[in-house]
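Okay, structure-v9.txt is below, compact mmCIF, C-alpha atoms:
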# COMPACT_ATOMS: atom_id res chain seq x y z
CA MET M 156 0.00 0.00 0.00
CA PRO M 157 1.76 2.39 -0.10
CA ARG M 158 2.33 5.01 0.85
CA SER M 159 9.57 8.55 2.40
CA ARG M 160 12.12 11.14 2.98
CA VAL M 161 12.20 13.67 5.71
CA SER M 162 8.79 14.96 5.12
CA LEU M 163 9.81 18.55 5.52
CA PRO M 164 9.57 21.47 3.12
CA ALA M 165 12.94 22.38 1.63
CA ALA M 166 12.57 25.83 3.16
CA ALA M 167 12.38 24.32 6.64
CA VAL M 168 15.58 22.37 6.04
CA LEU M 169 17.30 25.53 4.85
CA ALA M 170 16.11 27.42 7.87
CA ALA M 171 17.32 24.70 10.19
CA ALA M 172 20.69 24.55 8.46
CA ALA M 173 21.12 28.21 9.29
CA VAL M 174 20.42 27.67 13.00
CA SER M 175 23.48 27.97 15.20
CA VAL M 176 23.60 24.86 17.36
CA PRO M 177 25.96 25.32 20.31
CA ALA M 178 28.16 22.40 21.25
CA VAL M 179 27.17 20.58 24.42
CA ARG M 180 29.27 18.02 26.24
CA ALA M 181 28.12 14.49 25.53
CA GLY M 182 26.16 13.34 28.53
CA ALA M 183 25.65 16.84 29.91
CA ALA M 184 22.40 17.26 31.80
CA GLY M 185 19.82 19.31 29.94
CA PRO M 186 16.59 20.93 31.05
CA ALA M 187 13.68 18.67 31.95
CA ARG M 188 11.52 17.95 28.95
CA VAL M 189 7.75 18.24 29.03
CA PRO M 190 6.35 15.34 26.99
CA PRO M 191 4.31 16.38 23.96
CA GLN M 192 0.54 16.13 24.27
CA VAL M 193 -0.81 13.51 21.85
CA PRO M 194 -4.54 12.68 21.72
CA GLY M 195 -5.35 9.24 23.06
CA ALA M 196 -1.94 8.60 24.63
CA VAL M 197 0.37 9.38 27.51
CA LEU M 198 4.06 9.81 26.61
CA GLU M 199 6.48 8.56 29.26
CA PRO M 200 10.18 9.54 29.01
CA VAL M 201 12.56 6.63 28.54
CA ALA M 202 16.31 6.37 27.92
CA LEU M 203 17.15 4.79 24.58
CA LYS M 204 20.21 3.04 26.04
CA THR M 205 17.99 1.12 28.47
CA LEU M 206 15.68 -0.35 25.83
CA PRO M 207 16.10 -4.13 25.36
CA GLY M 208 17.67 -4.75 21.96
CA TRP M 209 18.78 -1.15 21.40
CA ARG M 210 22.49 -1.99 21.17
CA GLU M 211 21.92 -5.06 18.97
CA ASP M 212 19.73 -3.37 16.34
CA ASP M 213 21.29 -2.18 13.09
CA GLY M 214 21.55 1.55 13.70
CA ALA M 215 23.18 2.17 10.33
CA ALA M 216 20.14 0.79 8.48
CA ALA M 217 17.82 3.03 10.51
CA LEU M 218 20.08 6.04 9.89
CA ASP M 219 20.01 5.32 6.16
CA ALA M 220 16.20 5.27 6.17
CA PHE M 221 16.12 8.47 8.23
CA ARG M 222 18.49 10.29 5.84
CA ARG M 223 16.53 9.11 2.84
CA THR M 224 13.39 10.53 4.41
CA CYS M 225 15.30 13.75 5.13
CA ALA M 226 16.19 14.16 1.47
CA GLY M 227 12.68 14.97 0.31
CA PRO M 228 10.71 18.20 0.37
CA GLY M 229 7.71 16.82 2.24
CA PRO M 230 4.24 15.39 1.62
CA ASN M 231 1.72 16.91 -0.73
CA PRO M 232 -0.58 18.17 0.71
CA PRO M 233 1.50 19.19 3.74
CA GLN M 234 0.69 17.84 7.16
CA ALA M 235 -1.15 20.03 9.64
CA GLU M 236 0.92 22.31 11.86
CA ALA M 237 -0.52 20.67 14.99
CA VAL M 238 1.01 17.27 14.11
CA THR M 239 3.51 16.13 16.75
CA GLY M 240 7.11 16.83 15.73
CA SER M 241 8.51 20.32 15.16
CA PRO M 242 9.50 20.76 11.48
CA ALA M 243 12.40 23.05 12.44
CA ASP M 244 13.75 20.67 15.09
CA LEU M 245 13.40 17.70 12.78
CA ALA M 246 15.13 19.61 10.01
CA ALA M 247 18.01 20.41 12.34
CA ALA M 248 18.40 16.71 13.11
CA CYS M 249 18.28 15.98 9.38
CA ALA M 250 21.02 18.49 8.70
CA ALA M 251 23.22 16.90 11.37
CA ALA M 252 22.54 13.37 10.07
CA ALA M 253 24.19 14.16 6.75
CA GLU M 254 27.70 13.76 8.20
CA VAL M 255 27.12 10.88 10.62
CA THR M 256 29.13 7.71 10.03
CA PRO M 257 27.43 4.30 10.25
CA GLU M 258 29.34 3.63 13.46
CA GLY M 259 27.96 6.83 14.99
CA ALA M 260 24.29 6.08 14.22
CA LYS M 261 23.25 5.07 17.75
CA THR M 262 25.10 8.03 19.29
CA PHE M 263 23.34 10.33 16.83
CA PHE M 264 19.85 9.16 17.80
CA GLU M 265 20.70 9.25 21.51
CA ALA M 266 22.09 12.79 21.30
CA ARG M 267 19.55 14.38 18.98
CA PHE M 268 16.26 12.90 20.18
CA SER M 269 14.21 12.52 23.34
CA ALA M 270 12.46 9.15 23.58
CA TYR M 271 8.95 8.60 24.93
CA ARG M 272 7.07 5.33 25.39
CA ILE M 273 3.55 5.65 23.97
CA VAL M 274 1.08 4.42 26.59
CA ARG M 275 -2.62 4.23 25.83
CA PRO M 276 -4.97 4.75 28.78
CA ALA M 277 -7.34 2.01 29.85
CA SER M 278 -10.51 1.41 27.90
CA GLU M 279 -13.71 -0.32 28.98
CA LYS M 280 -12.38 -3.68 27.82
CA GLU M 281 -8.61 -3.31 28.22
CA PRO M 282 -6.48 -2.49 31.26
CA GLU M 283 -4.24 0.49 31.88
CA ARG M 284 -0.98 0.77 29.93
CA ARG M 285 -2.25 -0.86 26.76
CA VAL M 286 0.38 -1.44 24.11
CA GLY M 287 -0.14 -0.75 20.42
CA PHE M 288 -0.72 -2.88 17.34
CA LEU M 289 1.56 -3.49 14.35
CA THR M 290 0.67 -4.92 10.95
CA GLY M 291 2.70 -5.25 7.75
CA TYR M 292 2.25 -4.36 4.10
CA PHE M 293 4.22 -4.98 0.93
CA GLU M 294 4.58 -4.17 -2.77
CA PRO M 295 3.07 -6.93 -4.93
CA GLU M 296 4.72 -8.15 -8.13
CA LEU M 297 2.18 -8.68 -10.89
CA THR M 298 2.17 -9.50 -14.59
CA GLY M 299 0.59 -7.13 -17.08
CA SER M 300 0.49 -5.77 -20.60
CA LEU M 301 0.28 -2.35 -22.21
CA GLU M 302 -2.45 -3.75 -24.47
CA PRO M 303 -5.57 -5.76 -23.59
CA GLY M 304 -5.80 -9.35 -24.75
CA PRO M 305 -6.12 -12.95 -23.60
CA GLY M 306 -4.81 -13.13 -20.05
CA TYR M 307 -4.83 -9.33 -19.64
CA THR M 308 -8.37 -8.21 -18.95
CA ALA M 309 -8.35 -5.85 -15.94
CA PRO M 310 -7.58 -2.19 -16.77
CA VAL M 311 -5.47 -0.13 -14.37
CA LEU M 312 -7.04 3.33 -14.64
CA ALA M 313 -5.29 6.69 -14.57
CA ARG M 314 -6.52 9.49 -12.32
CA PRO M 315 -9.67 11.01 -13.89
CA ASP M 316 -9.48 14.65 -14.93
CA ASP M 317 -12.57 15.58 -12.88
CA LEU M 318 -11.54 13.97 -9.57
CA VAL M 319 -11.39 16.49 -6.70
CA SER M 320 -9.54 15.09 -3.68
CA LEU M 321 -10.00 16.52 -0.19
CA ALA M 322 -7.03 17.04 2.10
CA PRO M 323 -7.05 15.39 5.55
CA GLY M 324 -9.58 17.22 7.71
CA GLU M 325 -10.93 19.23 4.77
CA THR M 326 -14.69 19.34 4.15
CA ALA M 327 -16.77 20.64 1.27
CA PRO M 328 -20.15 22.42 1.57
CA GLY M 329 -23.00 20.01 0.90
CA LEU M 330 -20.74 16.93 0.71
CA ASP M 331 -21.16 14.33 3.44
CA PRO M 332 -17.88 14.07 5.42
CA ILE M 333 -17.77 10.31 4.78
CA TYR M 334 -16.72 11.13 1.21
CA ARG M 335 -13.09 12.16 0.78
CA ALA M 336 -13.34 13.14 -2.88
CA GLY M 337 -15.95 14.34 -5.34
CA ARG M 338 -16.66 15.89 -8.73
CA HIS M 339 -17.89 19.38 -9.57
CA THR M 340 -21.43 19.90 -10.84
CA GLU M 341 -23.67 22.94 -11.19
CA ALA M 342 -25.07 22.05 -7.77
CA GLY M 343 -21.59 21.90 -6.21
CA LEU M 344 -19.32 19.03 -5.25
CA VAL M 345 -21.04 15.63 -5.33
CA PRO M 346 -19.79 12.13 -4.38
CA TYR M 347 -17.58 10.48 -6.97
CA PRO M 348 -18.93 7.25 -8.57
CA ASP M 349 -18.37 4.09 -6.56
CA ARG M 350 -16.51 0.94 -7.63
CA ALA M 351 -19.50 -0.74 -9.28
CA ALA M 352 -20.37 2.39 -11.29
CA ILE M 353 -16.74 2.84 -12.38
CA GLU M 354 -16.52 -0.79 -13.50
CA ASP M 355 -19.74 -0.27 -15.47
CA GLY M 356 -18.20 2.66 -17.37
CA ALA M 357 -19.42 5.70 -15.42
CA LEU M 358 -16.20 7.65 -16.03
CA GLY M 359 -16.32 7.44 -19.82
CA GLU M 360 -13.48 9.49 -21.33
CA ARG M 361 -12.55 11.06 -18.00
CA THR M 362 -9.86 8.41 -17.53
CA ARG M 363 -7.79 5.97 -19.58
CA PRO M 364 -6.20 2.55 -19.01
CA LEU M 365 -2.48 2.67 -18.20
CA LEU M 366 -2.09 -1.10 -18.66
CA TRP M 367 -3.98 -4.35 -18.14
CA LEU M 368 -3.50 -6.97 -15.43
CA ARG M 369 -4.46 -10.61 -15.73
CA ASP M 370 -7.75 -10.35 -13.80
CA ALA M 371 -9.90 -8.30 -11.42
CA VAL M 372 -8.39 -10.06 -8.39
CA ASP M 373 -4.88 -8.82 -9.25
CA LEU M 374 -6.30 -5.33 -9.70
CA PHE M 375 -8.01 -5.56 -6.32
CA VAL M 376 -4.73 -6.62 -4.67
CA LEU M 377 -2.95 -3.69 -6.32
CA GLN M 378 -5.58 -1.30 -4.99
CA VAL M 379 -5.44 -2.74 -1.47
CA GLN M 380 -1.64 -2.36 -1.33
CA GLY M 381 -1.68 1.03 -3.05
CA SER M 382 1.18 0.32 -5.46
CA GLY M 383 3.02 -2.53 -7.14
CA ARG M 384 5.59 -3.64 -9.68
CA VAL M 385 4.35 -5.00 -12.99
CA ARG M 386 6.33 -7.25 -15.34
CA LEU M 387 5.45 -6.78 -19.02
CA PRO M 388 5.55 -9.60 -21.63
CA ASP M 389 8.85 -8.33 -23.06
CA GLY M 390 10.51 -8.58 -19.64
CA ARG M 391 10.46 -4.88 -18.84
CA GLY M 392 9.31 -3.81 -15.41
CA MET M 393 7.46 -0.72 -14.26
CA ARG M 394 6.11 0.62 -11.01
CA VAL M 395 2.41 1.41 -10.66
CA LEU M 396 1.83 4.12 -8.05
CA TYR M 397 -1.18 5.49 -6.20
CA ASP M 398 -2.58 8.66 -7.77
CA GLY M 399 -5.82 9.24 -5.90
CA LYS M 400 -9.01 7.50 -4.88
CA ASN M 401 -12.71 8.10 -5.45
CA GLY M 402 -13.20 8.98 -1.78
CA GLN M 403 -15.92 6.38 -1.16
CA PRO M 404 -15.88 4.40 2.11
CA TYR M 405 -13.66 1.32 2.20
CA THR M 406 -15.08 -2.11 3.06
CA SER M 407 -12.67 -4.94 3.95
CA ILE M 408 -13.16 -7.95 1.72
CA GLY M 409 -11.59 -10.09 4.43
CA LYS M 410 -14.38 -9.16 6.83
CA LEU M 411 -16.99 -9.89 4.16
CA LEU M 412 -15.54 -13.34 3.52
CA VAL M 413 -15.52 -14.14 7.24
CA ASN M 414 -18.95 -12.66 7.98
CA GLU M 415 -20.56 -14.63 5.15
CA GLY M 416 -18.89 -17.83 6.33
CA HIS M 417 -16.73 -18.40 3.25
CA LEU M 418 -13.39 -18.44 5.11
CA PRO M 419 -12.35 -18.58 8.79
CA ILE M 420 -10.61 -15.60 10.30
CA ASN M 421 -7.68 -17.73 11.44
CA GLY M 422 -5.11 -18.00 8.67
CA LEU M 423 -6.85 -15.46 6.44
CA SER M 424 -3.76 -14.73 4.33
CA LEU M 425 -3.55 -12.85 1.05
CA GLU M 426 -2.87 -16.09 -0.81
CA ARG M 427 -5.88 -17.78 0.75
CA TRP M 428 -8.47 -15.09 0.06
CA THR M 429 -7.25 -14.39 -3.49
CA SER M 430 -7.33 -18.12 -4.28
CA TRP M 431 -10.88 -18.32 -2.96
CA LEU M 432 -11.97 -15.35 -5.09
CA ARG M 433 -10.54 -16.93 -8.25
CA ALA M 434 -12.22 -20.23 -7.45
CA ASN M 435 -15.58 -18.48 -6.90
CA PRO M 436 -15.82 -15.81 -9.62
CA ASP M 437 -19.52 -15.05 -9.17
CA HIS M 438 -19.16 -14.42 -5.45
CA ALA M 439 -15.86 -12.62 -6.09
CA ARG M 440 -17.37 -9.96 -8.35
CA ARG M 441 -20.21 -9.32 -5.92
CA LEU M 442 -17.94 -9.10 -2.87
CA MET M 443 -15.35 -6.88 -4.52
CA ARG M 444 -18.05 -4.49 -5.71
CA MET M 445 -19.29 -4.19 -2.12
CA ASN M 446 -16.11 -2.20 -1.51
CA ALA M 447 -17.15 1.17 -2.92
CA SER M 448 -13.62 2.61 -2.73
CA TYR M 449 -11.57 2.69 -5.94
CA ILE M 450 -7.89 3.60 -6.45
CA PHE M 451 -6.35 5.32 -9.50
CA PHE M 452 -2.72 5.06 -10.54
CA ARG M 453 0.22 6.44 -12.49
CA THR M 454 3.35 4.65 -13.73
CA GLU M 455 7.09 5.25 -13.52
CA PRO M 456 10.28 3.20 -14.07
CA VAL M 457 11.82 1.14 -11.27
CA THR M 458 15.01 3.09 -10.49
CA ASP M 459 16.25 1.13 -7.47
CA PRO M 460 14.96 -2.45 -7.15
CA ALA M 461 16.10 -2.61 -3.51
CA LEU M 462 13.68 0.13 -2.43
CA GLY M 463 9.92 0.26 -2.37
CA PRO M 464 7.50 2.75 -3.88
CA PRO M 465 7.15 6.30 -2.56
CA GLY M 466 5.12 6.54 0.62
CA ALA M 467 2.93 9.40 1.76
CA ALA M 468 6.10 11.25 2.75
CA GLY M 469 7.07 11.11 -0.91
CA VAL M 470 10.31 9.10 -1.06
CA PRO M 471 11.01 5.39 -1.61
CA LEU M 472 10.19 3.11 1.30
CA SER M 473 12.99 1.14 2.99
CA PRO M 474 12.06 -2.52 3.58
CA GLY M 475 11.85 -3.24 7.30
CA ARG M 476 12.66 0.37 8.22
CA SER M 477 9.77 2.46 6.87
CA MET M 478 6.50 2.47 8.78
CA ALA M 479 3.06 3.89 8.10
CA VAL M 480 1.64 5.92 10.99
CA ASP M 481 -1.38 8.10 11.65
CA GLY M 482 -0.41 11.18 9.68
CA ASN M 483 -2.90 13.28 11.63
CA LEU M 484 -0.91 12.64 14.83
CA TRP M 485 2.75 12.09 13.87
CA ARG M 486 5.02 14.02 11.51
CA TYR M 487 6.65 11.97 8.80
CA GLY M 488 10.36 11.56 9.48
CA LEU M 489 10.03 10.79 13.20
CA PRO M 490 11.88 7.63 14.26
CA PHE M 491 10.01 4.99 16.27
CA TRP M 492 11.39 2.12 18.32
CA LEU M 493 9.27 -1.05 18.10
CA GLU M 494 9.42 -2.93 21.43
CA GLY M 495 9.02 -6.55 20.53
CA LYS M 496 10.10 -9.43 18.33
CA LEU M 497 9.34 -9.09 14.63
CA PRO M 498 8.80 -12.22 12.48
CA GLY M 499 12.01 -13.14 10.69
CA GLN M 500 14.02 -10.39 12.42
CA PRO M 501 16.75 -10.92 15.02
CA GLY M 502 16.81 -9.04 18.29
CA ARG M 503 14.17 -7.69 20.64
CA GLY M 504 13.51 -4.31 19.06
CA HIS M 505 13.66 -2.43 15.81
CA LEU M 506 14.22 1.26 14.92
CA VAL M 507 12.02 2.46 12.05
CA VAL M 508 11.04 5.79 10.48
CA ALA M 509 7.55 7.21 9.90
CA ALA M 510 7.28 7.56 6.13
CA ASP M 511 3.77 6.60 5.14
CA THR M 512 0.15 6.39 6.25
CA GLY M 513 -2.99 4.42 5.47
CA SER M 514 -6.74 4.58 5.87
CA ALA M 515 -6.75 1.98 8.67
CA ILE M 516 -3.67 3.33 10.46
CA VAL M 517 -5.44 5.35 13.12
CA GLY M 518 -4.30 6.17 16.64
CA PRO M 519 -1.06 6.99 18.45
CA ALA M 520 0.16 3.40 18.90
CA ARG M 521 -0.75 1.95 15.51
CA GLY M 522 1.82 1.13 12.84
CA ASP M 523 2.03 -0.65 9.49
CA LEU M 524 5.55 -1.83 8.64
CA TYR M 525 6.64 -1.89 5.00
CA VAL M 526 8.16 -5.35 4.53
CA GLY M 527 9.37 -5.34 0.91
CA THR M 528 8.50 -6.49 -2.62
CA GLY M 529 7.21 -9.79 -3.95
CA ALA M 530 5.56 -12.99 -2.77
CA ALA M 531 7.88 -13.65 0.17
CA ALA M 532 7.33 -10.12 1.44
CA GLY M 533 3.60 -10.66 1.03
CA ARG M 534 3.71 -13.75 3.22
CA ALA M 535 5.78 -11.93 5.85
CA ALA M 536 3.38 -8.99 5.81
CA GLY M 537 0.43 -11.35 6.21
CA ASP M 538 2.05 -12.90 9.28
CA LEU M 539 2.58 -9.53 10.95
CA HIS M 540 -0.45 -8.85 13.15
CA ASP M 541 0.98 -8.37 16.60
CA ARG M 542 0.61 -6.33 19.73
CA MET M 543 3.64 -4.09 19.91
CA GLY M 544 5.13 -1.45 22.16
CA PHE M 545 5.92 1.88 20.52
CA VAL M 546 8.55 4.43 21.57
CA VAL M 547 8.60 7.70 19.61
CA LEU M 548 11.80 9.70 19.18
CA ILE M 549 11.08 13.45 19.26
CA PRO M 550 13.89 15.74 18.02
CA LYS M 551 15.30 17.95 20.72
CA PRO M 552 14.94 21.72 20.19
CA ALA M 553 17.37 22.89 17.52
CA SER M 554 19.15 25.12 20.03
CA ASP M 555 19.77 22.19 22.39
CA GLN M 556 20.73 19.37 20.04
CA THR M 557 24.06 17.92 21.09
CA GLU M 558 27.00 18.26 18.67
CA ALA M 559 28.34 14.87 19.71
CA VAL M 560 28.28 13.08 16.37
CA GLN M 561 30.50 14.56 13.66
CA GLY M 562 30.51 18.29 14.35
CA PRO M 563 28.37 20.89 12.53
CA ALA M 564 26.61 19.51 9.46
CA LYS M 565 24.92 20.93 6.41
CA ALA M 566 21.63 20.08 4.75
CA PRO M 567 22.06 17.53 1.95
CA ALA M 568 21.94 18.94 -1.58
CA SER M 569 18.91 16.82 -2.39
CA ALA M 570 17.02 18.54 0.41
CA ARG M 571 18.02 21.99 -0.84
CA ASP M 572 17.10 21.34 -4.45
CA SER M 573 14.06 19.09 -4.12
CA ALA M 574 10.68 19.46 -5.80
CA VAL M 575 7.19 18.82 -4.46
CA PRO M 576 6.25 15.10 -4.41
CA GLU M 577 2.91 13.42 -4.57
CA ALA M 578 1.31 11.71 -1.63
CA GLY M 579 -0.03 8.20 -1.81
CA ALA M 580 -1.41 5.36 0.22
CA GLY M 581 -3.56 2.41 -0.61
CA GLU M 582 -6.46 0.82 1.20
CA PRO M 583 -6.42 -0.78 4.64
CA ARG M 584 -5.27 -4.37 4.33
CA PRO M 585 -8.04 -7.01 4.55
Would you encode the structure as structure tokens?
Amino acid sequence: MPRSRVSLPAAAVLAAAAVSVPAVRAGAAGPARVPPQVPGAVLEPVALKTLPGWREDDGAAALDAFRRTCAGPGPNPPQAEAVTGSPADLAAACAAAAEVTPEGAKTFFEARFSAYRIVRPASEKEPERRVGFLTGYFEPELTGSLEPGPGYTAPVLARPDDLVSLAPGETAPGLDPIYRAGRHTEAGLVPYPDRAAIEDGALGERTRPLLWLRDAVDLFVLQVQGSGRVRLPDGRGMRVLYDGKNGQPYTSIGKLLVNEGHLPINGLSLERWTSWLRANPDHARRLMRMNASYIFFRTEPVTDPALGPPGAAGVPLSPGRSMAVDGNLWRYGLPFWLEGKLPGQPGRGHLVVAADTGSAIVGPARGDLYVGTGAAAGRAAGDLHDRMGFVVLIPKPASDQTEAVQGPAKAPASARDSAVPEAGAGEPRP
């Protein structure tokens, strides 16, 4: 799904690069920090060095993901000012990260950030100090063709020219808030056609097919994940990226399959529900059309096969190090420490970077880890549904950040010269 650079405007990085950051002795005591106020959570200060697994985790890999996120100009549209994480302070940390060696990664994060464990208060059904929840997502690899034909019957549609998308929190007069997009009419903005209407041709010449996939199930998978790689008959590959949605409410096909008794909830993997849909085409069409939401795409070449598609922060996702968060609460670019064992990963914790978001990623202790590309990544993502502790790393004020890493640093050239990216995220996973 997607959905990765420091999500900060280039101007903020420039401003931060101009800030004079006085040197402070490593380990010197600083002023007491007041934890940020985050809706639905209590933030408790914690020392990074005391976290189980902190020393064993690959700090260099996390630093690489952080610097990659730093290199971008920020999401489009920008995040709200009230989102936790000062753009100027984060930009100052980004500027300093440019000169950090791999061996100095842990020292960098310890010196430049204050860490807070995210604790959710008790609910009616759960006790005090609830932990969070982590899922995984991936980039599927599909086969397709630039022309329709036998074996290539499902069109991947480009963004329609009359689609009006609403920014997070934005509303339109006369349009029910459940709709996140619409189209202009003489009467004002009205809901955009739903999935069934689009499949029946409601958009006419407002859109065009970019390519064709083998069937409607592959298209549905692409829309759930938000992006994918497609292999053409001549061997060429291309990336298919999110370029907007019709704004209709999303309905999980996994829940529909379980509620109707077709599949049990235990072991409901991607492979299992897609196989069932292909084996039951009549039910499949009906169930998929019950999800009114519809995703549109654009294409681009695959420039670095080791990286994923751009996330909501606008730069390529780093497998195992980029995480989708609630973009209404957390600023893209913030590091997070995951307190727990991840499937297939060594150690007892993992440092990741907020670089994406998703429709189902809601709340302060909710994350969706980008696992990678292909079938193996898909299986790993399907296995990742675990309770998880979250620790957020908030950049210290620019004037207080410790010069304990590599001395004064400058903003990377890519941050100074960047252009505005697009945002993108797919559907919640079934």
Can you work out the spacing between atom CA of M:Pro332 and atom CA of M:Asp355 in Å, to one decimal?
-> 25.4 Å
Nearby residues (only C-alpha atoms) at most 7 Å from M:Trp367, same-chain spacing under 2 positions excluded, as a ChimeraX atom specification | /M:299-303,307-311,369
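With only C-alpha atoms as the atoms that count, the residue of M:Gly537, M:Ala515, M:Leu366, M:Arg486 with the shortest distance to M:Pro242 is M:Arg486.
Using only C-alpha atoms, the nearest neighbour of M:Glu236 within the list M:Trp485, M:Ala510, M:Pro501, M:Pro364 is M:Trp485.
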Got a sec: who's within 8 Å of M:Ala447, counting all atoms listed in the file, leaving out chain neighbours fewer than 4 positions off, as a PyMOL selection string?
-> chain M and resi 349-351+403-406
Excluding M:Ala509 and residues on its chain fewer than 2 positions from it, collect all residues at most 10 Å away from it, counting all atoms listed in the file, and give them as a ChimeraX atom specification.
-> /M:159-162,220-221,224,466-468,472,476-482,485-491,507,511-512,522-524,547
Can you pull out every residue within 12 Å of M:Ala216, counting all atoms listed in the file, but drop anything in the same chain fewer than 3 positions away, and send it as a CSV table (one decimal) with C-alpha atoms, in the frame of the given file?
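Result file follows (around-v9.csv):
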chain,number,residue,atom,x,y,z
M,212,ASP,CA,19.7,-3.4,16.3
M,213,ASP,CA,21.3,-2.2,13.1
M,219,ASP,CA,20.0,5.3,6.2
M,220,ALA,CA,16.2,5.3,6.2
M,221,PHE,CA,16.1,8.5,8.2
M,222,ARG,CA,18.5,10.3,5.8
M,223,ARG,CA,16.5,9.1,2.8
M,256,THR,CA,29.1,7.7,10.0
M,257,PRO,CA,27.4,4.3,10.2
M,258,GLU,CA,29.3,3.6,13.5
M,259,GLY,CA,28.0,6.8,15.0
M,260,ALA,CA,24.3,6.1,14.2
M,261,LYS,CA,23.2,5.1,17.8
M,473,SER,CA,13.0,1.1,3.0
M,474,PRO,CA,12.1,-2.5,3.6
M,475,GLY,CA,11.8,-3.2,7.3
M,476,ARG,CA,12.7,0.4,8.2
M,477,SER,CA,9.8,2.5,6.9
M,505,HIS,CA,13.7,-2.4,15.8
M,506,LEU,CA,14.2,1.3,14.9
M,507,VAL,CA,12.0,2.5,12.0
M,508,VAL,CA,11.0,5.8,10.5
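Counting all atoms listed in the file, the residue from M:Ala535, M:Ile549, M:Ala251, M:Leu493 that sits nearest to M:Trp209 is M:Leu493.
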